[in-house]
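With compact mmCIF, C-alpha atoms and all ligand atoms inside, this is upload23.txt:
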# COMPACT_ATOMS: atom_id res chain seq x y z
CA MET D 1 26.48 5.61 17.47
CA THR D 2 23.34 6.07 15.41
CA ALA D 3 21.93 3.03 13.66
CA PRO D 4 22.75 2.84 9.94
CA ALA D 5 20.07 4.39 7.75
CA LEU D 6 17.57 1.96 6.31
CA ASP D 7 16.98 1.72 2.58
CA LEU D 8 13.62 0.05 2.70
CA SER D 9 10.59 -0.47 4.95
CA LEU D 10 8.04 -3.07 3.99
CA VAL D 11 4.60 -2.31 5.40
CA ILE D 12 2.28 -5.31 5.56
CA PRO D 13 -1.28 -4.91 6.93
CA THR D 14 -2.18 -8.20 8.53
CA PHE D 15 -5.57 -9.35 9.73
CA ASN D 16 -5.99 -13.03 10.61
CA GLU D 17 -3.30 -14.38 8.30
CA GLU D 18 -1.76 -17.05 10.58
CA GLU D 19 -1.46 -19.64 7.81
CA ASN D 20 0.16 -17.28 5.32
CA LEU D 21 2.76 -15.60 7.54
CA PRO D 22 5.07 -18.63 8.00
CA LEU D 23 5.34 -18.89 4.20
CA LEU D 24 5.56 -15.17 3.50
CA TRP D 25 8.50 -14.25 5.71
CA PRO D 26 11.04 -16.79 4.33
CA GLU D 27 10.08 -15.84 0.79
CA LEU D 28 10.47 -12.15 1.56
CA ARG D 29 13.78 -12.69 3.30
CA GLN D 30 15.15 -14.62 0.35
CA VAL D 31 14.19 -11.90 -2.14
CA LEU D 32 15.25 -8.95 0.03
CA ASP D 33 18.57 -10.42 1.15
CA ALA D 34 19.51 -10.85 -2.50
CA THR D 35 19.00 -7.10 -3.12
CA GLY D 36 21.68 -6.13 -0.59
CA LEU D 37 19.38 -3.41 0.78
CA ARG D 38 19.17 -2.59 4.47
CA TYR D 39 15.55 -3.22 5.26
CA GLU D 40 12.90 -3.67 7.94
CA ILE D 41 9.59 -5.43 7.69
CA VAL D 42 6.76 -3.75 9.57
CA PHE D 43 3.93 -6.19 10.01
CA VAL D 44 0.95 -4.13 11.14
CA ASP D 45 -1.30 -6.53 12.99
CA ASP D 46 -4.75 -5.07 12.59
CA GLY D 47 -6.36 -6.60 15.67
CA SER D 48 -6.10 -10.21 14.50
CA GLN D 49 -8.03 -12.75 16.53
CA ASP D 50 -5.82 -15.64 15.46
CA ARG D 51 -2.12 -16.31 16.16
CA SER D 52 -0.81 -13.71 13.67
CA ALA D 53 0.69 -11.37 16.31
CA GLU D 54 2.33 -14.26 18.13
CA ILE D 55 3.86 -15.54 14.92
CA ILE D 56 5.25 -12.10 14.03
CA ARG D 57 6.69 -11.79 17.55
CA GLU D 58 8.50 -15.10 16.97
CA PHE D 59 9.89 -13.78 13.66
CA HIS D 60 11.20 -10.73 15.51
CA ALA D 61 12.89 -12.89 18.16
CA ARG D 62 14.76 -14.69 15.40
CA ASP D 63 15.42 -11.65 13.21
CA PRO D 64 15.16 -8.10 14.61
CA ARG D 65 14.59 -6.70 11.13
CA VAL D 66 11.00 -7.85 11.59
CA ARG D 67 8.81 -5.45 13.57
CA LEU D 68 5.37 -6.01 15.00
CA LEU D 69 3.14 -2.95 15.12
CA ARG D 70 -0.05 -4.19 16.73
CA LEU D 71 -3.22 -2.12 16.62
CA LYS D 72 -5.52 -2.41 19.64
CA ALA D 73 -8.53 -3.41 17.56
CA ASN D 74 -9.35 -4.21 13.96
CA SER D 75 -9.32 -0.77 12.35
CA GLY D 76 -9.28 -1.51 8.63
CA GLU D 77 -6.66 -1.85 5.94
CA THR D 78 -6.21 1.90 5.42
CA ALA D 79 -5.65 2.48 9.14
CA ALA D 80 -3.10 -0.34 9.26
CA THR D 81 -1.35 1.09 6.20
CA ASP D 82 -1.31 4.58 7.74
CA ALA D 83 0.16 3.28 11.00
CA GLY D 84 2.83 1.46 8.98
CA PHE D 85 3.67 4.57 6.95
CA LYS D 86 4.16 6.55 10.15
CA ALA D 87 6.37 3.86 11.69
CA ALA D 88 8.47 3.30 8.56
CA ARG D 89 12.08 4.44 8.70
CA GLY D 90 13.38 3.44 5.28
CA ARG D 91 14.16 5.77 2.39
CA TYR D 92 11.74 3.68 0.35
CA VAL D 93 8.47 2.12 1.50
CA VAL D 94 6.78 -0.89 -0.07
CA THR D 95 3.23 -1.97 0.83
CA MET D 96 1.94 -5.46 0.16
CA ASP D 97 -0.71 -7.89 1.39
CA ALA D 98 0.08 -10.59 3.92
CA ASP D 99 -1.90 -13.28 2.12
CA LEU D 100 0.72 -14.38 -0.47
CA GLN D 101 -1.38 -12.97 -3.34
CA ASN D 102 1.41 -10.45 -4.07
CA ASP D 103 4.69 -12.02 -5.19
CA PRO D 104 7.78 -10.78 -3.30
CA HIS D 105 9.84 -11.37 -6.46
CA ASP D 106 8.22 -8.25 -7.95
CA ILE D 107 9.68 -5.97 -5.24
CA PRO D 108 13.01 -5.25 -7.01
CA ALA D 109 11.16 -4.29 -10.21
CA LEU D 110 8.87 -1.89 -8.31
CA LEU D 111 11.85 -0.32 -6.54
CA ALA D 112 13.79 0.04 -9.77
CA HIS D 113 11.37 2.78 -10.87
CA LEU D 114 11.94 4.99 -7.84
CA ASP D 115 15.00 6.66 -9.31
CA ARG D 116 12.77 8.42 -11.85
CA TRP D 117 9.32 8.18 -10.23
CA ASP D 118 7.99 9.05 -6.77
CA ALA D 119 5.84 5.93 -6.61
CA ALA D 120 5.27 2.71 -8.51
CA THR D 121 1.90 1.01 -8.16
CA GLY D 122 1.22 -2.60 -9.12
CA TRP D 123 -1.10 -3.59 -11.93
CA ARG D 124 -2.27 -7.20 -11.64
CA VAL D 125 -2.29 -8.11 -15.30
CA ARG D 126 -3.62 -11.64 -14.71
CA ARG D 127 -5.68 -11.66 -11.55
CA HIS D 128 -6.33 -14.81 -9.62
CA ASP D 129 -9.54 -13.90 -7.83
CA PRO D 130 -13.11 -15.16 -8.22
CA TRP D 131 -14.76 -13.82 -11.41
CA THR D 132 -17.29 -11.83 -9.37
CA LYS D 133 -14.48 -9.87 -7.78
CA ARG D 134 -12.65 -9.39 -11.08
CA ALA D 135 -15.83 -8.13 -12.75
CA ALA D 136 -16.55 -5.75 -9.85
CA SER D 137 -12.98 -4.41 -9.98
CA HIS D 138 -13.18 -3.91 -13.73
CA ILE D 139 -16.30 -1.77 -13.38
CA ALA D 140 -14.93 0.02 -10.29
CA ASN D 141 -11.71 0.98 -12.08
CA ARG D 142 -13.61 2.39 -15.04
CA VAL D 143 -16.00 4.40 -12.88
CA ARG D 144 -13.15 5.58 -10.68
CA ASN D 145 -11.07 6.78 -13.60
CA ALA D 146 -14.04 8.50 -15.21
CA LEU D 147 -14.97 10.36 -12.03
CA THR D 148 -11.50 11.24 -10.80
CA GLN D 149 -10.21 11.94 -14.32
CA ASP D 150 -7.25 9.74 -13.52
CA GLU D 151 -5.76 6.78 -15.35
CA ILE D 152 -5.02 3.99 -12.89
CA ARG D 153 -5.72 0.57 -14.36
CA ASP D 154 -5.77 -1.31 -11.05
CA SER D 155 -6.41 1.01 -8.13
CA GLY D 156 -7.35 -1.94 -5.90
CA CYS D 157 -3.80 -3.26 -6.06
CA THR D 158 -2.05 -2.30 -2.85
CA PHE D 159 1.32 -3.72 -3.90
CA ARG D 160 3.22 -0.46 -4.27
CA ALA D 161 6.58 1.24 -3.76
CA PHE D 162 7.07 4.85 -2.67
CA ARG D 163 9.80 7.30 -1.87
CA ARG D 164 9.01 7.86 1.76
CA GLU D 165 8.97 11.66 1.54
CA CYS D 166 5.90 11.66 -0.70
CA LEU D 167 3.85 9.95 2.03
CA ARG D 168 4.46 12.69 4.57
CA GLY D 169 1.57 14.97 3.57
CA LEU D 170 -0.84 12.17 2.75
CA VAL D 171 -4.06 12.37 4.77
CA LEU D 172 -5.96 9.09 4.62
CA TYR D 173 -9.51 8.16 5.59
CA ARG D 174 -11.08 4.72 5.89
CA GLY D 175 -11.13 3.06 2.47
CA PHE D 176 -8.61 5.48 0.96
CA HIS D 177 -5.94 2.82 0.41
CA ARG D 178 -7.56 2.45 -3.03
CA PHE D 179 -6.90 6.08 -3.87
CA ILE D 180 -3.30 6.52 -2.74
CA PRO D 181 -1.91 6.73 -6.32
CA THR D 182 -4.62 9.25 -7.30
CA LEU D 183 -4.01 11.32 -4.15
CA LEU D 184 -0.27 11.36 -4.80
CA ARG D 185 -0.82 12.53 -8.36
CA MET D 186 -3.12 15.26 -7.03
CA HIS D 187 -0.21 16.43 -4.89
CA GLY D 188 1.99 16.63 -7.96
CA TYR D 189 3.93 13.40 -7.46
CA ARG D 190 4.84 11.17 -10.38
CA VAL D 191 3.28 7.70 -10.21
CA ILE D 192 3.93 4.87 -12.65
CA GLU D 193 1.99 1.61 -13.02
CA VAL D 194 4.06 -1.55 -13.13
CA PRO D 195 2.74 -5.01 -14.12
CA VAL D 196 2.94 -7.45 -11.20
CA ASN D 197 2.27 -11.11 -10.70
CA HIS D 198 -0.84 -12.15 -8.77
CA ARG D 199 -1.47 -15.44 -7.03
CA PRO D 200 -4.62 -17.10 -5.72
CA ARG D 201 -5.34 -16.88 -2.01
CA ARG D 202 -4.57 -20.36 -0.70
CA PHE D 203 -5.25 -19.89 3.01
CA GLY D 204 -7.67 -17.77 5.01
CA ARG D 205 -10.46 -15.66 3.52
CA SER D 206 -10.72 -12.37 1.71
CA LYS D 207 -11.77 -9.69 4.18
CA TYR D 208 -14.09 -7.97 1.74
CA GLY D 209 -17.44 -8.91 0.19
CA VAL D 210 -18.05 -7.71 -3.35
CA TRP D 211 -21.23 -5.70 -2.67
CA LYS D 212 -20.20 -4.11 0.58
CA ARG D 213 -16.92 -3.04 -0.94
CA ALA D 214 -18.63 -1.61 -4.02
CA GLY D 215 -20.99 0.51 -1.89
CA SER D 216 -18.40 2.03 0.41
CA ALA D 217 -15.80 2.44 -2.35
CA PHE D 218 -18.33 4.40 -4.41
CA LYS D 219 -18.96 6.83 -1.55
CA ASP D 220 -15.19 7.27 -1.15
CA LEU D 221 -14.91 7.91 -4.84
CA LEU D 222 -17.34 10.83 -4.66
CA VAL D 223 -15.27 12.32 -1.87
CA VAL D 224 -12.03 12.00 -3.81
CA ARG D 225 -13.71 13.57 -6.82
CA TRP D 226 -14.89 16.44 -4.63
CA MET D 227 -11.38 16.84 -3.22
CA ARG D 228 -10.00 17.01 -6.71
CA ASP D 229 -12.54 19.65 -7.77
CA ARG D 230 -11.91 21.76 -4.69
CA GLN D 231 -8.15 21.36 -4.57
CA LEU D 232 -6.43 24.70 -3.94
CA ARG D 233 -4.54 25.72 -7.03
CA TYR D 234 -2.54 28.93 -6.91
CA GLN D 235 0.93 30.29 -7.42
CA VAL D 236 2.36 33.12 -5.35
CA ALA D 237 3.42 35.86 -7.74
CA GLU D 238 5.12 38.14 -5.24
CA ASP D 239 5.95 38.22 -1.53
CA VAL D 240 7.11 41.70 -0.70
CA GLY D 241 8.70 41.79 2.75
CA GLY D 242 8.28 38.04 3.26
CA ARG D 243 11.93 37.22 3.61
CA LEU D 244 12.49 40.01 6.13
CA SER D 245 9.65 38.86 8.38
CA GLU D 246 11.16 35.36 8.54
CA GLU D 247 14.45 36.62 9.88
N1 LIG D 301 -6.42 -6.39 6.09
C1 LIG D 301 -6.22 -5.65 7.24
N2 LIG D 301 -7.31 -5.19 7.93
C2 LIG D 301 -8.59 -5.42 7.51
C3 LIG D 301 -8.78 -6.13 6.28
C4 LIG D 301 -7.68 -6.60 5.60
O1 LIG D 301 -5.08 -5.44 7.67
O2 LIG D 301 -9.52 -4.98 8.18
C5 LIG D 301 -5.25 -6.92 5.36
C6 LIG D 301 -5.30 -8.40 5.02
O3 LIG D 301 -4.81 -9.21 6.06
C7 LIG D 301 -4.45 -8.47 3.76
C8 LIG D 301 -4.72 -7.12 3.08
O4 LIG D 301 -5.22 -6.25 4.11
O5 LIG D 301 -3.07 -8.56 4.08
C9 LIG D 301 -5.74 -7.22 1.95
O6 LIG D 301 -6.89 -7.93 2.40
P1 LIG D 301 -7.56 -9.10 1.54
O7 LIG D 301 -6.52 -10.02 1.02
O8 LIG D 301 -8.66 -9.72 2.35
O9 LIG D 301 -8.19 -8.27 0.33
P2 LIG D 301 -8.41 -8.76 -1.17
O10 LIG D 301 -7.11 -9.34 -1.67
O11 LIG D 301 -9.49 -9.79 -1.10
O12 LIG D 301 -8.79 -7.52 -1.90
MG MG D 302 -5.83 -10.66 -0.87
Let me see whether you can do it: turn the structure in this file into structure tokens.
Ligand code: UDP
Ligand code: MG
Amino acid sequence: MTAPALDLSLVIPTFNEEENLPLLWPELRQVLDATGLRYEIVFVDDGSQDRSAEIIREFHARDPRVRLLRLKANSGETAATDAGFKAARGRYVVTMDADLQNDPHDIPALLAHLDRWDAATGWRVRRHDPWTKRAASHIANRVRNALTQDEIRDSGCTFRAFRRECLRGLVLYRGFHRFIPTLLRMHGYRVIEVPVNHRPRRFGRSKYGVWKRAGSAFKDLLVVRWMRDRQLRYQVAEDVGGRLSEE
């Protein structure tokens, strides 16, 4: 017998989050069990040097709905997200951080939009990050929107829900996790922004410094802008003989 189809895959990039994981999983389980959905949680351990992988393995032993996808070495948040997308089996996919900054209680609200939208991306209306980071994000969002001619208020928010089929053709490069909503819109998918709660990081450290992030994100932005300019846009008007040659 084939396993019953899954409704939802949670993809959680995880790099050195040993203090957060034991709090995250019970909170997630409580929220997800209440939805009645059949789900799996794919923790993508991105080469953690702490006990993160061990902890996730223990979760799996107690509840097989938890999966551990462990990358050989630290490869970056986009790589971890990409690996999770490819491993996901659910009809819907939700991405979130492992550090408790995203609130699992927002998941049902994100999912509720997927009947009419292909993706729902979080917008942290009240951010709980140091002011330097908030200021940098504010500028980055404005520059990003101006250069990509998009309207995403909070492209740094990786708390998102997708219909899995729209991820299939997505080609990601390092740093591109910030541009997933823009890339999806470029492919013609419908993306909505949904206000989400945001909490301060209580344990562990942010993996990004403000200046380093600003530099590499700006380079990425120029690439995405280029991609947008050079996107192939055409419609086939006629295909004489095409059907015959397929048969
Ligand atoms: N992360 C990862 N690989 C990395 C850097 C970060 O998997 O190389 C994970 C990290 O564990 C967290 C998420 O990506 O779950 C976002 O990272 P972080 O919270 O440090 O970013 P911030 O909230 O400061 O933007
Ligand atoms: Mg964080």
message = Which residues are near ligand LIG 301 (chain D) - at most 8 Å, using only C-alpha atoms and all ligand atoms? Format: as a PyMOL selection string.
response = chain D and resi 12-17+44-47+74-81+96-99+101+129+156-158+201+205-208
key: Nearest candidate to ligand MG 302 (chain D) (options D:Leu100, D:Val210, D:Leu170, D:Ala140; using only C-alpha atoms and all ligand atoms)   = D:Leu100
query = Could you pull the residues within 7 Å of range 115-117 of chain D, counting all atoms listed in the file, minus those fewer than 3 positions along the same chain, as a PyMOL selection string?
reply = chain D and resi 112+190-192
task = Write out as a ChimeraX atom specification each polymer residue whose atoms come within 12 Å of Leu183 in chain D, counting all atoms listed in the file; drop sequence neighbours fewer than 3 positions from it.
result = /D:119,148-150,152,155,166-167,169-173,176-180,186-191,221,223-225,227-228,231
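Going from CA of Arg70 in chain D to CA of Leu23 in chain D covers 20.1 Å.
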request  = Report the distance between CA of Pro108 in chain D and CA of Ala161 in chain D in Å, rounded to one decimal place.
outcome  = 9.7 Å
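Ranking D:Ile139, D:Ala53, D:Val125, D:Val196 by their shortest atom-to-atom distance to Ala217 in chain D, with all atoms listed in the file included, puts D:Ile139 first.
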message = Report as a list of chain:residue names all protein, DNA and RNA residues lying within 12 Å of Val31 in chain D, evaluated on only C-alpha atoms, omitting residues in the same chain fewer than 2 positions from it.
response = D:Leu24, D:Trp25, D:Pro26, D:Glu27, D:Leu28, D:Arg29, D:Asp33, D:Ala34, D:Thr35, D:Gly36, D:Leu37, D:Tyr39, D:Asp103, D:Pro104, D:His105, D:Asp106, D:Ile107, D:Pro108, D:Ala109
Serialized selection, C-alpha atoms, as a PDB file, in the frame of the given file:
ATOM      1  CA  LEU D  24       5.560 -15.170   3.500  1.00  0.00           C
ATOM      2  CA  TRP D  25       8.500 -14.250   5.710  1.00  0.00           C
ATOM      3  CA  PRO D  26      11.040 -16.790   4.330  1.00  0.00           C
ATOM      4  CA  GLU D  27      10.080 -15.840   0.790  1.00  0.00           C
ATOM      5  CA  LEU D  28      10.470 -12.150   1.560  1.00  0.00           C
ATOM      6  CA  ARG D  29      13.780 -12.690   3.300  1.00  0.00           C
ATOM      7  CA  ASP D  33      18.570 -10.420   1.150  1.00  0.00           C
ATOM      8  CA  ALA D  34      19.510 -10.850  -2.500  1.00  0.00           C
ATOM      9  CA  THR D  35      19.000  -7.100  -3.120  1.00  0.00           C
ATOM     10  CA  GLY D  36      21.680  -6.130  -0.590  1.00  0.00           C
ATOM     11  CA  LEU D  37      19.380  -3.410   0.780  1.00  0.00           C
ATOM     12  CA  TYR D  39      15.550  -3.220   5.260  1.00  0.00           C
ATOM     13  CA  ASP D 103       4.690 -12.020  -5.190  1.00  0.00           C
ATOM     14  CA  PRO D 104       7.780 -10.780  -3.300  1.00  0.00           C
ATOM     15  CA  HIS D 105       9.840 -11.370  -6.460  1.00  0.00           C
ATOM     16  CA  ASP D 106       8.220  -8.250  -7.950  1.00  0.00           C
ATOM     17  CA  ILE D 107       9.680  -5.970  -5.240  1.00  0.00           C
ATOM     18  CA  PRO D 108      13.010  -5.250  -7.010  1.00  0.00           C
ATOM     19  CA  ALA D 109      11.160  -4.290 -10.210  1.00  0.00           C
TER      20      ALA D 109
END
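Across D:Ala214, D:Gln49, D:His128, D:Arg57, the tightest approach to Arg144 in chain D is made by D:Ala214 when counting all atoms listed in the file.
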Atom pair CA of Arg230 in chain D / CA of Gly175 in chain D: separation (Å) = 20.0 Å
note = Restricting to all atoms listed in the file, whichever of D:Ser48, D:Asn102, D:Gln30, D:Thr121 is closest to ligand MG 302 (chain D) is D:Asn102
